[in-house]
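> Here you go, model_3.cif (mmCIF, C-alpha atoms):
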```
data_final
#
loop_
_atom_site.label_atom_id
_atom_site.label_comp_id
_atom_site.auth_asym_id
_atom_site.auth_seq_id
_atom_site.Cartn_x
_atom_site.Cartn_y
_atom_site.Cartn_z
CA MET O 1 -31.69 -20.67 17.91
CA VAL O 2 -32.34 -20.85 14.16
CA ARG O 3 -36.04 -20.11 14.68
CA GLY O 4 -35.12 -17.10 16.84
CA LEU O 5 -32.75 -15.71 14.23
CA ALA O 6 -35.34 -16.17 11.51
CA LEU O 7 -38.02 -14.36 13.49
CA ASN O 8 -35.60 -11.56 14.28
CA SER O 9 -34.82 -11.24 10.56
CA LEU O 10 -38.53 -10.98 9.81
CA LEU O 11 -39.02 -8.29 12.44
CA PHE O 12 -36.37 -6.00 11.02
CA ALA O 13 -36.51 -7.14 7.42
CA ALA O 14 -36.65 -3.92 5.44
CA ILE O 15 -35.04 -0.95 7.17
CA ALA O 16 -32.39 -0.50 4.48
CA ALA O 17 -34.54 -0.62 1.36
CA THR O 18 -34.04 2.57 -0.67
CA ALA O 19 -35.24 1.82 -4.19
CA PRO O 20 -37.32 4.68 -5.59
CA VAL O 21 -40.92 3.72 -6.24
CA SER O 22 -43.70 5.81 -7.73
CA ASN O 23 -46.43 6.90 -5.30
CA SER O 24 -49.17 5.91 -7.73
CA PRO O 25 -50.25 2.31 -7.02
CA PRO O 26 -49.56 -0.28 -9.73
CA SER O 27 -52.39 -2.31 -11.19
CA SER O 28 -51.48 -5.33 -9.03
CA ILE O 29 -52.21 -3.46 -5.77
CA SER O 30 -55.57 -4.18 -4.17
CA ALA O 31 -57.37 -1.05 -3.00
CA ALA O 32 -60.88 -0.27 -1.84
CA GLY O 33 -63.03 0.37 -4.88
CA SER O 34 -60.32 -0.61 -7.39
CA ALA O 35 -60.75 -4.39 -7.44
CA SER O 36 -63.46 -6.73 -6.26
CA PRO O 37 -62.57 -9.66 -3.99
CA THR O 38 -63.16 -12.08 -6.84
CA ASP O 39 -60.97 -10.07 -9.24
CA ASP O 40 -57.93 -9.61 -7.02
CA PRO O 41 -58.39 -10.77 -3.43
CA ASN O 42 -54.69 -11.34 -2.75
CA GLY O 43 -52.80 -8.52 -4.43
CA ILE O 44 -50.18 -6.57 -2.51
CA LEU O 45 -51.99 -3.90 -0.46
CA TRP O 46 -49.40 -1.10 -0.41
CA LEU O 47 -45.86 -0.18 -1.44
CA PRO O 48 -42.95 1.08 0.72
CA ASN O 49 -43.72 4.76 0.08
CA SER O 50 -47.51 4.57 0.16
CA ASP O 51 -48.97 7.46 2.17
CA ILE O 52 -50.91 5.32 4.63
CA ILE O 53 -50.71 3.76 8.07
CA PRO O 54 -50.51 0.04 7.17
CA GLU O 55 -52.86 -2.29 8.98
CA PRO O 56 -52.98 -6.11 9.25
CA GLU O 57 -56.33 -6.36 7.51
CA ARG O 58 -57.36 -8.12 4.31
CA GLU O 59 -61.03 -7.95 3.33
CA THR O 60 -62.92 -9.22 6.41
CA LEU O 61 -59.86 -10.73 8.06
CA GLY O 62 -57.58 -9.18 10.70
CA ALA O 63 -57.86 -6.02 12.77
CA THR O 64 -56.05 -2.72 13.19
CA VAL O 65 -52.89 -2.23 15.25
CA ILE O 66 -53.68 -0.49 18.54
CA GLY O 67 -50.27 -0.96 20.19
CA PRO O 68 -46.80 0.31 19.17
CA GLN O 69 -46.05 0.05 15.46
CA ASN O 70 -42.93 0.50 13.33
CA VAL O 71 -44.71 1.98 10.32
CA ARG O 72 -41.65 2.08 8.08
CA ILE O 73 -40.97 -1.63 8.48
CA ASP O 74 -44.63 -2.49 7.92
CA LEU O 75 -44.74 -0.36 4.76
CA MET O 76 -41.81 -2.33 3.36
CA ASN O 77 -43.33 -5.70 4.22
CA ALA O 78 -46.95 -5.60 3.16
CA ASP O 79 -47.21 -9.36 2.72
CA LEU O 80 -45.87 -10.05 6.21
CA LEU O 81 -48.31 -7.68 7.93
CA ALA O 82 -51.29 -8.55 5.70
CA PRO O 83 -50.39 -11.82 3.94
CA PRO O 84 -52.42 -13.21 1.07
CA THR O 85 -54.94 -15.85 2.09
CA THR O 86 -53.07 -18.33 -0.09
CA ASP O 87 -50.17 -18.32 2.41
CA SER O 88 -50.24 -21.41 4.59
CA GLY O 89 -48.11 -23.33 7.06
CA ASP O 90 -44.58 -22.16 7.73
CA ILE O 91 -41.35 -21.49 5.80
CA PRO O 92 -38.24 -20.05 7.50
CA ASN O 93 -37.36 -16.46 6.66
CA VAL O 94 -35.83 -16.04 3.17
CA LYS O 95 -35.20 -12.27 3.21
CA TRP O 96 -32.26 -10.23 4.48
CA PRO O 97 -31.60 -6.55 3.63
CA MET O 98 -27.87 -5.89 3.27
CA GLY O 99 -28.53 -2.61 5.10
CA LEU O 100 -29.11 -4.60 8.30
CA SER O 101 -25.68 -6.22 8.17
CA HIS O 102 -22.95 -4.83 10.41
CA ASN O 103 -20.62 -2.66 8.31
CA HIS O 104 -16.84 -2.82 8.65
CA LEU O 105 -15.49 0.70 7.98
CA LEU O 106 -11.87 1.02 6.87
CA SER O 107 -9.54 3.61 5.38
CA GLY O 108 -10.44 3.39 1.70
CA GLY O 109 -13.79 1.67 1.83
CA TRP O 110 -16.16 -0.63 3.69
CA THR O 111 -17.55 -4.16 3.64
CA ARG O 112 -20.62 -5.97 4.98
CA GLN O 113 -21.88 -9.52 4.56
CA GLU O 114 -24.82 -11.91 4.63
CA ASN O 115 -24.39 -15.52 5.75
CA ILE O 116 -26.17 -18.17 7.83
CA ASP O 117 -25.72 -16.03 10.95
CA ASN O 118 -28.42 -13.65 9.70
CA LEU O 119 -30.19 -15.84 7.09
CA PRO O 120 -30.02 -19.41 8.44
CA ILE O 121 -31.86 -20.96 5.48
CA ALA O 122 -29.10 -19.82 3.06
CA LYS O 123 -26.83 -22.82 3.55
CA LYS O 124 -25.22 -23.05 0.09
CA MET O 125 -24.10 -19.45 -0.55
CA ALA O 126 -23.20 -16.23 1.27
CA GLY O 127 -22.82 -12.65 0.04
CA VAL O 128 -20.52 -9.68 0.62
CA ASN O 129 -21.17 -6.07 -0.43
CA MET O 130 -17.94 -4.04 -0.71
CA ARG O 131 -17.00 -0.46 -1.62
CA LEU O 132 -13.53 0.81 -2.59
CA GLU O 133 -12.55 4.45 -3.09
CA PRO O 134 -10.48 5.27 -6.21
CA GLY O 135 -7.13 3.47 -5.93
CA ALA O 136 -8.12 1.59 -2.77
CA ILE O 137 -7.07 -2.05 -2.58
CA ARG O 138 -8.75 -5.11 -1.14
CA GLU O 139 -5.47 -6.64 -0.12
CA LEU O 140 -3.85 -9.79 -1.52
CA HIS O 141 -5.76 -12.74 -0.08
CA TRP O 142 -7.41 -16.09 -0.70
CA HIS O 143 -10.39 -18.07 0.62
CA LYS O 144 -11.37 -21.64 1.34
CA ASN O 145 -14.34 -20.99 -0.94
CA SER O 146 -14.68 -19.81 -4.53
CA GLU O 147 -15.54 -16.13 -5.08
CA TRP O 148 -17.94 -14.88 -7.77
CA ALA O 149 -18.48 -11.13 -8.22
CA TYR O 150 -20.83 -8.71 -9.97
CA VAL O 151 -19.74 -5.07 -10.34
CA LEU O 152 -22.45 -2.62 -9.24
CA LYS O 153 -20.67 0.70 -9.91
CA GLY O 154 -17.27 1.82 -11.17
CA ASN O 155 -14.33 -0.23 -12.48
CA VAL O 156 -12.16 -2.77 -10.68
CA GLN O 157 -8.77 -4.19 -11.63
CA VAL O 158 -8.22 -7.75 -10.43
CA THR O 159 -4.99 -9.76 -10.26
CA SER O 160 -4.27 -13.42 -9.59
CA VAL O 161 -1.74 -16.24 -9.92
CA ASN O 162 -2.89 -19.85 -10.04
CA GLN O 163 -1.21 -22.91 -8.53
CA ASN O 164 0.73 -23.47 -11.77
CA GLY O 165 2.36 -20.04 -11.63
CA GLN O 166 0.19 -18.67 -14.45
CA ASN O 167 -0.87 -15.07 -13.84
CA PHE O 168 -3.80 -12.84 -14.77
CA ILE O 169 -4.79 -9.14 -14.73
CA GLY O 170 -8.16 -7.87 -15.88
CA THR O 171 -10.42 -4.82 -15.49
CA VAL O 172 -14.19 -5.05 -15.20
CA GLY O 173 -16.97 -2.47 -15.05
CA PRO O 174 -20.67 -2.27 -14.12
CA GLY O 175 -22.51 -5.49 -14.93
CA ASP O 176 -19.28 -7.48 -15.41
CA LEU O 177 -18.07 -10.50 -13.43
CA TRP O 178 -15.01 -12.11 -11.93
CA TYR O 179 -14.48 -15.53 -10.41
CA PHE O 180 -11.61 -16.97 -8.38
CA PRO O 181 -11.53 -20.69 -7.50
CA ALA O 182 -11.04 -21.69 -3.88
CA GLY O 183 -7.49 -21.17 -2.66
CA ILE O 184 -6.38 -19.01 -5.60
CA PRO O 185 -4.74 -15.74 -4.35
CA HIS O 186 -6.06 -12.49 -5.76
CA SER O 187 -6.42 -8.74 -5.21
CA LEU O 188 -9.07 -6.15 -6.06
CA GLN O 189 -8.38 -2.46 -6.73
CA ALA O 190 -10.75 0.33 -7.74
CA THR O 191 -9.61 2.41 -10.68
CA ASN O 192 -10.00 6.18 -10.87
CA ASP O 193 -12.22 6.04 -13.97
CA THR O 194 -14.97 7.52 -11.79
CA ALA O 195 -14.70 9.85 -8.81
CA ASP O 196 -16.56 7.36 -6.61
CA GLY O 197 -14.29 4.36 -7.13
CA ALA O 198 -16.22 1.08 -7.18
CA GLU O 199 -18.83 -1.02 -5.40
CA PHE O 200 -19.48 -4.70 -6.04
CA LEU O 201 -21.27 -7.80 -4.84
CA LEU O 202 -19.38 -10.97 -3.94
CA VAL O 203 -21.02 -14.40 -3.69
CA LEU O 204 -19.14 -17.24 -1.97
CA ASP O 205 -20.14 -20.85 -2.54
CA ALA O 206 -20.78 -21.72 1.14
CA GLY O 207 -23.47 -20.33 3.43
CA ASP O 208 -21.17 -20.29 6.46
CA PHE O 209 -18.53 -18.15 4.76
CA SER O 210 -17.27 -15.21 6.81
CA ALA O 211 -15.07 -12.40 5.54
CA ASP O 212 -13.36 -12.54 8.93
CA SER O 213 -11.88 -15.94 8.00
CA THR O 214 -10.11 -14.69 4.87
CA PHE O 215 -6.41 -15.56 4.47
CA LEU O 216 -4.66 -12.17 4.18
CA LEU O 217 -1.05 -11.64 3.11
CA THR O 218 -0.28 -8.98 5.74
CA ASP O 219 -1.98 -10.94 8.51
CA TRP O 220 0.07 -14.02 7.65
CA LEU O 221 3.44 -12.30 7.50
CA ALA O 222 2.73 -10.40 10.73
CA HIS O 223 2.64 -13.80 12.43
CA VAL O 224 5.79 -15.29 10.94
CA PRO O 225 9.24 -14.57 12.48
CA LYS O 226 11.15 -12.10 10.30
CA GLU O 227 14.12 -14.46 10.19
CA VAL O 228 11.89 -17.04 8.55
CA ILE O 229 10.49 -14.49 6.10
CA ALA O 230 14.01 -13.38 5.15
CA LYS O 231 15.12 -16.97 4.62
CA ASN O 232 12.04 -17.63 2.48
CA PHE O 233 12.73 -14.65 0.20
CA GLN O 234 16.52 -15.12 0.34
CA THR O 235 17.28 -11.59 1.56
CA SER O 236 18.17 -9.76 4.75
CA VAL O 237 15.90 -9.36 7.79
CA SER O 238 16.12 -5.56 7.53
CA GLU O 239 14.25 -5.64 4.22
CA PHE O 240 11.11 -6.51 6.17
CA ASN O 241 11.33 -3.83 8.87
CA ASN O 242 8.37 -1.94 7.38
CA ILE O 243 5.87 -4.74 6.87
CA PRO O 244 2.53 -4.05 8.64
CA SER O 245 2.12 -5.38 12.16
CA LYS O 246 -1.49 -6.34 11.46
CA GLU O 247 -3.81 -6.90 8.50
CA LEU O 248 -4.58 -4.08 6.05
CA TYR O 249 -7.77 -5.66 4.59
CA ILE O 250 -8.78 -2.50 2.66
CA PHE O 251 -6.37 0.41 2.32
CA PRO O 252 -5.84 3.51 0.10
CA SER O 253 -3.25 3.43 -2.68
CA VAL O 254 -2.32 4.92 -6.05
CA PRO O 255 -4.87 4.01 -8.77
CA PRO O 256 -3.59 1.36 -11.21
CA PRO O 257 -2.61 2.45 -14.74
CA ASP O 258 -4.99 1.77 -17.61
CA ASN O 259 -4.36 -1.44 -19.53
CA GLN O 260 -2.00 -2.76 -16.86
CA GLU O 261 -0.06 -5.80 -18.10
CA PRO O 262 1.02 -8.61 -15.74
CA PRO O 263 4.71 -9.42 -15.27
CA GLN O 264 5.76 -12.02 -17.82
CA SER O 265 5.52 -15.47 -16.28
CA PRO O 266 7.63 -18.40 -17.53
CA GLN O 267 4.50 -20.47 -17.05
CA GLY O 268 2.31 -18.12 -19.11
CA THR O 269 -1.14 -16.76 -18.29
CA VAL O 270 -4.16 -18.63 -16.92
CA PRO O 271 -5.92 -20.81 -19.52
CA HIS O 272 -9.39 -19.63 -18.48
CA PRO O 273 -9.70 -15.88 -17.78
CA PHE O 274 -11.00 -14.96 -14.34
CA THR O 275 -13.19 -12.12 -15.68
CA TYR O 276 -16.25 -12.10 -17.93
CA LEU O 277 -17.76 -9.02 -19.61
CA LEU O 278 -21.42 -9.80 -19.01
CA SER O 279 -22.31 -6.14 -19.71
CA GLN O 280 -21.39 -6.73 -23.35
CA VAL O 281 -23.57 -9.83 -23.76
CA PRO O 282 -26.84 -9.06 -25.61
CA ILE O 283 -30.01 -9.56 -23.59
CA THR O 284 -32.57 -12.19 -24.53
CA PRO O 285 -35.81 -10.20 -24.92
CA LEU O 286 -38.94 -11.75 -23.40
CA SER O 287 -42.63 -10.86 -23.39
CA GLY O 288 -42.34 -9.32 -19.92
CA GLY O 289 -38.69 -8.33 -19.67
CA SER O 290 -35.28 -9.80 -20.46
CA VAL O 291 -32.65 -12.25 -19.25
CA LYS O 292 -28.93 -12.97 -19.54
CA VAL O 293 -27.66 -16.36 -18.37
CA VAL O 294 -24.00 -17.03 -17.53
CA ASP O 295 -22.55 -20.36 -16.43
CA SER O 296 -19.45 -22.44 -17.08
CA THR O 297 -20.46 -23.04 -20.69
CA VAL O 298 -19.58 -19.41 -21.44
CA PHE O 299 -17.59 -18.26 -18.37
CA THR O 300 -15.41 -21.33 -18.25
CA ALA O 301 -13.52 -20.40 -15.09
CA SER O 302 -16.74 -20.20 -13.07
CA THR O 303 -17.24 -23.87 -12.22
CA THR O 304 -19.25 -23.54 -8.98
CA ILE O 305 -21.47 -20.51 -9.65
CA ALA O 306 -24.02 -19.83 -12.39
CA ALA O 307 -26.25 -16.77 -12.63
CA ALA O 308 -29.01 -14.98 -14.50
CA GLU O 309 -29.48 -11.21 -14.75
CA VAL O 310 -33.24 -10.69 -15.03
CA THR O 311 -35.39 -7.64 -15.77
CA VAL O 312 -39.16 -7.64 -15.27
CA ASN O 313 -41.39 -4.90 -16.65
CA PRO O 314 -44.09 -3.29 -14.46
CA GLY O 315 -46.99 -5.72 -14.09
CA ALA O 316 -44.95 -8.65 -15.43
CA MET O 317 -43.49 -11.62 -13.54
CA ARG O 318 -40.77 -14.24 -13.56
CA GLU O 319 -43.07 -17.17 -14.29
CA LEU O 320 -43.92 -20.00 -11.91
CA HIS O 321 -40.88 -22.28 -11.81
CA TRP O 322 -38.44 -24.24 -9.68
CA HIS O 323 -34.80 -25.30 -9.82
CA PRO O 324 -34.56 -29.09 -9.46
CA THR O 325 -31.19 -29.45 -7.71
CA GLN O 326 -29.81 -25.97 -7.03
CA ASP O 327 -30.48 -23.45 -4.26
CA GLU O 328 -30.98 -19.90 -5.53
CA TRP O 329 -29.41 -16.81 -3.92
CA VAL O 330 -31.16 -13.65 -5.13
CA PHE O 331 -29.98 -10.05 -5.02
CA PHE O 332 -32.36 -7.23 -5.95
CA LEU O 333 -30.75 -4.39 -7.91
CA GLU O 334 -33.70 -2.14 -8.79
CA GLY O 335 -37.44 -1.93 -8.21
CA SER O 336 -39.98 -3.65 -5.94
CA ALA O 337 -40.77 -7.36 -6.02
CA ARG O 338 -43.12 -9.87 -4.50
CA MET O 339 -42.17 -13.55 -4.21
CA THR O 340 -44.14 -16.51 -2.89
CA LEU O 341 -42.35 -19.76 -2.06
CA PHE O 342 -44.10 -23.13 -2.10
CA ALA O 343 -42.36 -25.80 0.00
CA ALA O 344 -44.83 -28.72 -0.47
CA SER O 345 -47.23 -30.05 2.20
CA SER O 346 -49.36 -26.87 1.93
CA ASN O 347 -46.49 -24.67 3.12
CA ALA O 348 -46.39 -21.32 1.27
CA ARG O 349 -45.20 -17.87 2.34
CA THR O 350 -44.95 -14.48 0.58
CA TRP O 351 -42.23 -11.83 0.96
CA ASP O 352 -41.64 -8.35 -0.46
CA PHE O 353 -38.23 -7.16 -1.69
CA GLN O 354 -36.58 -3.87 -2.63
CA ALA O 355 -33.16 -2.90 -4.01
CA GLY O 356 -30.35 -4.07 -1.73
CA ASP O 357 -32.28 -7.07 -0.37
CA VAL O 358 -31.08 -10.66 -0.46
CA GLY O 359 -33.53 -13.51 -1.08
CA TYR O 360 -33.04 -17.26 -0.92
CA VAL O 361 -34.92 -20.17 -2.51
CA PRO O 362 -34.01 -23.76 -1.58
CA ALA O 363 -33.78 -26.30 -4.39
CA SER O 364 -37.14 -27.54 -5.75
CA TYR O 365 -39.20 -24.85 -3.98
CA GLY O 366 -41.81 -23.51 -6.40
CA HIS O 367 -41.76 -19.71 -6.72
CA TYR O 368 -42.34 -16.65 -8.90
CA VAL O 369 -41.03 -13.08 -8.77
CA GLU O 370 -43.60 -10.38 -9.59
CA ASN O 371 -42.88 -6.72 -10.32
CA VAL O 372 -45.33 -4.85 -8.08
CA GLY O 373 -43.92 -1.37 -8.74
CA ASN O 374 -44.08 1.12 -11.60
CA MET O 375 -40.42 0.88 -12.60
CA THR O 376 -38.40 -1.96 -14.10
CA LEU O 377 -37.47 -4.67 -11.62
CA LYS O 378 -33.89 -5.98 -11.96
CA PHE O 379 -32.33 -8.78 -9.96
CA LEU O 380 -29.69 -11.50 -10.01
CA GLU O 381 -30.46 -15.21 -9.68
CA ILE O 382 -27.30 -16.98 -8.48
CA PHE O 383 -26.82 -20.74 -8.15
CA ARG O 384 -24.29 -23.09 -6.58
CA THR O 385 -23.38 -25.54 -9.33
CA SER O 386 -21.24 -28.68 -9.56
CA LYS O 387 -20.62 -31.68 -11.77
CA THR O 388 -23.54 -33.33 -9.98
CA THR O 389 -26.08 -30.51 -10.26
CA GLY O 390 -24.88 -29.26 -13.66
CA ASP O 391 -25.09 -25.70 -14.95
CA TYR O 392 -28.05 -23.28 -14.84
CA SER O 393 -31.38 -25.13 -15.05
CA ASP O 394 -35.03 -24.64 -14.18
CA GLU O 395 -38.46 -26.22 -14.66
CA HIS O 396 -41.45 -24.09 -15.70
CA ASP O 397 -45.04 -24.80 -14.68
CA CYS O 398 -46.64 -23.67 -17.95
CA GLN O 399 -44.26 -25.59 -20.23
CA TRP O 400 -44.67 -28.72 -18.10
CA LEU O 401 -48.47 -28.68 -18.46
CA ALA O 402 -48.30 -27.83 -22.17
CA LEU O 403 -46.13 -30.88 -22.91
CA ILE O 404 -48.23 -33.61 -21.26
CA PRO O 405 -51.59 -35.00 -22.46
CA PRO O 406 -54.28 -32.31 -22.13
CA GLU O 407 -56.67 -34.84 -20.60
CA LEU O 408 -54.26 -35.23 -17.71
CA VAL O 409 -54.16 -31.47 -17.13
CA LYS O 410 -57.96 -31.22 -17.30
CA ALA O 411 -58.33 -34.07 -14.80
CA HIS O 412 -56.13 -32.20 -12.31
CA LEU O 413 -57.19 -28.57 -12.77
CA GLY O 414 -60.54 -28.59 -14.58
CA LEU O 415 -59.30 -26.18 -17.24
CA SER O 416 -60.99 -25.64 -20.57
CA ASP O 417 -59.59 -27.08 -23.80
CA GLU O 418 -58.94 -23.54 -25.03
CA THR O 419 -56.88 -22.62 -21.97
CA ILE O 420 -54.82 -25.79 -22.20
CA ALA O 421 -54.25 -25.33 -25.94
CA ALA O 422 -52.97 -21.79 -25.35
CA MET O 423 -50.26 -22.90 -22.93
CA LYS O 424 -46.76 -22.21 -24.20
CA LYS O 425 -44.58 -25.21 -25.06
CA THR O 426 -41.36 -23.25 -24.61
CA LYS O 427 -40.09 -21.51 -21.48
CA GLN O 428 -41.33 -17.92 -21.30
CA ILE O 429 -39.11 -17.07 -18.26
CA VAL O 430 -40.62 -13.58 -17.82
CA VAL O 431 -44.25 -13.11 -18.83
CA GLY O 432 -46.14 -9.85 -19.33
CA PRO O 433 -49.38 -8.81 -17.61
CA ALA O 434 -52.35 -11.12 -18.21
CA SER O 435 -53.91 -8.56 -20.57
CA ALA O 436 -50.95 -9.04 -22.91
CA TRP O 437 -51.84 -12.68 -23.58
#
```
Let me see whether you can do it: turn the structure in this file into structure tokens.


Amino acid sequence: MVRGLALNSLLFAAIAATAPVSNSPPSSISAAGSASPTDDPNGILWLPNSDIIPEPERETLGATVIGPQNVRIDLMNADLLAPPTTDSGDIPNVKWPMGLSHNHLLSGGWTRQENIDNLPIAKKMAGVNMRLEPGAIRELHWHKNSEWAYVLKGNVQVTSVNQNGQNFIGTVGPGDLWYFPAGIPHSLQATNDTADGAEFLLVLDAGDFSADSTFLLTDWLAHVPKEVIAKNFQTSVSEFNNIPSKELYIFPSVPPPDNQEPPQSPQGTVPHPFTYLLSQVPITPLSGGSVKVVDSTVFTASTTIAAAEVTVNPGAMRELHWHPTQDEWVFFLEGSARMTLFAASSNARTWDFQAGDVGYVPASYGHYVENVGNMTLKFLEIFRTSKTTGDYSDEHDCQWLALIPPELVKAHLGLSDETIAAMKKTKQIVVGPASAW
């Protein structure tokens, strides 16, 4: 069943990609007359909006399609139709476009999700993409899992009360975060700061999470006798004549006031704020882009999720690396990317990603992320963390080889002394095109 789901994901894997890409091919694209086989035999052969009929051919390998063909899907998945010759063996599908997820339309917004039902390899984390119109509320609820969020557009006011009766209200905007531990009740409401309301990405720290299993206030009270509710709140039964008969989930409401203050609690406010203004954190500039890293060392409430916001310039790449103990859930925000995973035992597979796609990299799998377009690539790397796995961490191929005896490197790879001496002894994270070195 898992194999069937994975193959089905591959078949449909890019219908929803919408990121704008220039029609002019980037330097990394192989094309007849533009690169010799020895210069670039395994570059990506086309981009999603290339004006061609894609064919499963690479140099002397393959043949044209003479049966039915979904050209749009093939354009978005060049490295599935015409994979590089370095691909080998088998790795389960690691790509899922959010646009292929079933959308739940409600009065005031919508929601769709990715979990192991459509990406079986993603066992540690699941994602939800949600939109709220101005004033609309994602109703009071809680989960069995912790919830981490990244705001895509607009502003959101969040509220919560922890198990000690300490409360919290905060407002976050594009590029900002919130985090609610498992079992902590909370609400989400779009402000009217923009005419469009808000859209955001949620990441839950379990791959089998389903939004359908959320604990909702209205759903709960609709299934409790009113006499019991009245006794609980020490009031009359008639006070609850107007409670909803079923869940609200998302519903329209009056936008919250600016700078809303929580009711004063005798227990005070939460000791660790549930929001983090990542948008205000300076980037770390790199030779090929930039990075921001956020984990529990800076966002102290976020104890099970760490993340990096990464930008990669055209022609640059997130360097060869792996994460020793943590699976990586990836969400692509802008641009076009190419990623090859190495799973040991000669198993390697390459995928192409556009904005709105989810990717997944199991712990210890070697990989890179290359910008194959002509605009800046931006994506989120998200990790399930714990006291055992620690906070954000990675190992980099170049730094590893630079910090061991050069004779050992030469014995393995046959590299020159000059090449070994030029290897960087610090993590580069995102490196520019080869010509920049």

> Identify the residues within 6 Å of coordinate (12.2, -9.6, 7.7) (same frame as the file), considering all atoms listed in the file, and give the answer as a list in words.

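Answer for this query, in the requested form: Lys226, Glu227, Ile229, Ala230, Val237, Ser238, Glu239, Phe240 and Asn241 of chain O.
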
> Output as JSON the centre and edge lengths (Å, one decimal) of the box along x, y and z of the file that holds every listed atom of stretch 331-348 of chain O after adding 6 Å on each side.


```
{"center_x": -39.7, "center_y": -16.0, "center_z": -2.8, "size_x": 31.4, "size_y": 40.1, "size_z": 23.9}
```

> Can you turn the PyMOL selection byres ((chain O and resi 169) around 9) into a concrete residue list for this file, as JSON, numbers by chain?

{"O": [157, 158, 159, 160, 167, 168, 170, 171, 260, 261, 262, 273, 274, 275]}

> Would you tabulate, counting all atoms listed in the file, all residues of stretch 190-308 of chain O that have an atom at most 10 Å from an atom of stretch 122-133 of chain O, showing the closest pair of atoms and their distance in Å to one decimal, sorted by chain then ascending number, as CSV?


```
residue,atom,partner,partner_atom,distance
O:Ala190,CA,O:Leu132,CA,5.9
O:Thr191,CA,O:Glu133,CA,8.4
O:Asn192,CA,O:Glu133,CA,8.4
O:Thr194,CA,O:Glu133,CA,9.5
O:Ala195,CA,O:Glu133,CA,8.2
O:Asp196,CA,O:Glu133,CA,6.1
O:Gly197,CA,O:Glu133,CA,4.4
O:Ala198,CA,O:Leu132,CA,5.3
O:Glu199,CA,O:Arg131,CA,4.2
O:Phe200,CA,O:Met130,CA,5.6
O:Leu201,CA,O:Asn129,CA,4.7
O:Leu202,CA,O:Val128,CA,4.9
O:Val203,CA,O:Gly127,CA,4.5
O:Leu204,CA,O:Ala126,CA,5.3
O:Asp205,CA,O:Met125,CA,4.6
O:Ala206,CA,O:Met125,CA,4.4
O:Gly207,CA,O:Met125,CA,4.1
O:Asp208,CA,O:Lys123,CA,6.8
O:Phe209,CA,O:Ala126,CA,6.1
O:Ser210,CA,O:Ala126,CA,8.2
O:Ala211,CA,O:Val128,CA,7.8
O:Ile250,CA,O:Leu132,CA,7.8
O:Phe251,CA,O:Leu132,CA,8.7
O:Pro252,CA,O:Glu133,CA,7.5
O:Ser253,CA,O:Glu133,CA,9.4
O:Pro255,CA,O:Glu133,CA,9.6
O:Ile305,CA,O:Met125,CA,9.5
```

> For atom CA of O:Gln113 and atom CA of O:Pro97, quote the distance in Å rounded to one decimal.

10.2 Å

> Measuring atom to atom with only C-alpha atoms, identify which of O:Gln354, O:Asn42, O:Thr300, O:Gln189 is nearest to O:Ile137.

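Of all the options, O:Gln189 lies closest to O:Ile137.
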
> Applied to the shown file, which residues does the PyMOL selection byres ((chain O and resi 81-84) around 6) return, written as a list in words?

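Those residues are Asn42, Pro56, Glu57, Ala78, Asp79, Leu80, Thr85, Thr86 and Asp87 of chain O.
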
> Taking the file as I've supplied it (selection: the PyMOL selection byres ((chain O and resi 379) around 6)), which residues are included? Please answer as a count of residues only.

6

> Which residue, O:Gly109, O:Gly289, O:Pro256, O:Gly67, has the smallest gap to O:Met317 when you use only C-alpha atoms?

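Result for the nearest residue to O:Met317: O:Gly289.
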
> Could you give me, as a ChimeraX atom specification, the residues that have an atom at most 7 Å away from the point (-14.8, -19.8, -13.3) in the coordinates of the file, using only C-alpha atoms?

/O:179-181,274,296,299-303

> Identify, on the basis of all atoms listed in the file, every residue whose closest approach to O:Asp295 does not exceed 12 Å; exclude the query and any residue fewer than 6 positions from it along the same chain; express the result as a ChimeraX atom specification.

/O:148,177,179,276,278,301-309,381-386,390-393

> Which residue is closest to O:Val151? Choose from O:Asn70, O:Ser279, O:Ala63, O:Trp322 and count all atoms listed in the file.

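Ranking O:Asn70, O:Ser279, O:Ala63, O:Trp322 by distance to O:Val151, first place goes to O:Ser279.
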
> Reconstruct stretch 242-247 of chain O at the level of N, CA and C atoms, and format the result as a PDB file, in the frame of the given file.


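Done, and the output landed in result_2.pdb:
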```
ATOM      1  N   ASN O 242       9.539  -2.804   7.551  1.00  0.00           N
ATOM      2  CA  ASN O 242       8.370  -1.940   7.380  1.00  0.00           C
ATOM      3  C   ASN O 242       7.081  -2.706   7.059  1.00  0.00           C
ATOM      4  N   ILE O 243       7.113  -4.022   7.157  1.00  0.00           N
ATOM      5  CA  ILE O 243       5.870  -4.740   6.870  1.00  0.00           C
ATOM      6  C   ILE O 243       4.856  -4.432   7.969  1.00  0.00           C
ATOM      7  N   PRO O 244       3.559  -4.397   7.641  1.00  0.00           N
ATOM      8  CA  PRO O 244       2.530  -4.050   8.640  1.00  0.00           C
ATOM      9  C   PRO O 244       2.538  -5.041   9.809  1.00  0.00           C
ATOM     10  N   SER O 245       2.180  -4.542  10.963  1.00  0.00           N
ATOM     11  CA  SER O 245       2.120  -5.380  12.160  1.00  0.00           C
ATOM     12  C   SER O 245       0.774  -6.083  12.301  1.00  0.00           C
ATOM     13  N   LYS O 246      -0.185  -5.685  11.465  1.00  0.00           N
ATOM     14  CA  LYS O 246      -1.490  -6.340  11.460  1.00  0.00           C
ATOM     15  C   LYS O 246      -2.083  -6.210  10.062  1.00  0.00           C
ATOM     16  N   GLU O 247      -3.200  -6.868   9.836  1.00  0.00           N
ATOM     17  CA  GLU O 247      -3.810  -6.900   8.500  1.00  0.00           C
ATOM     18  C   GLU O 247      -4.196  -5.513   8.008  1.00  0.00           C
TER      19      GLU O 247
END
```
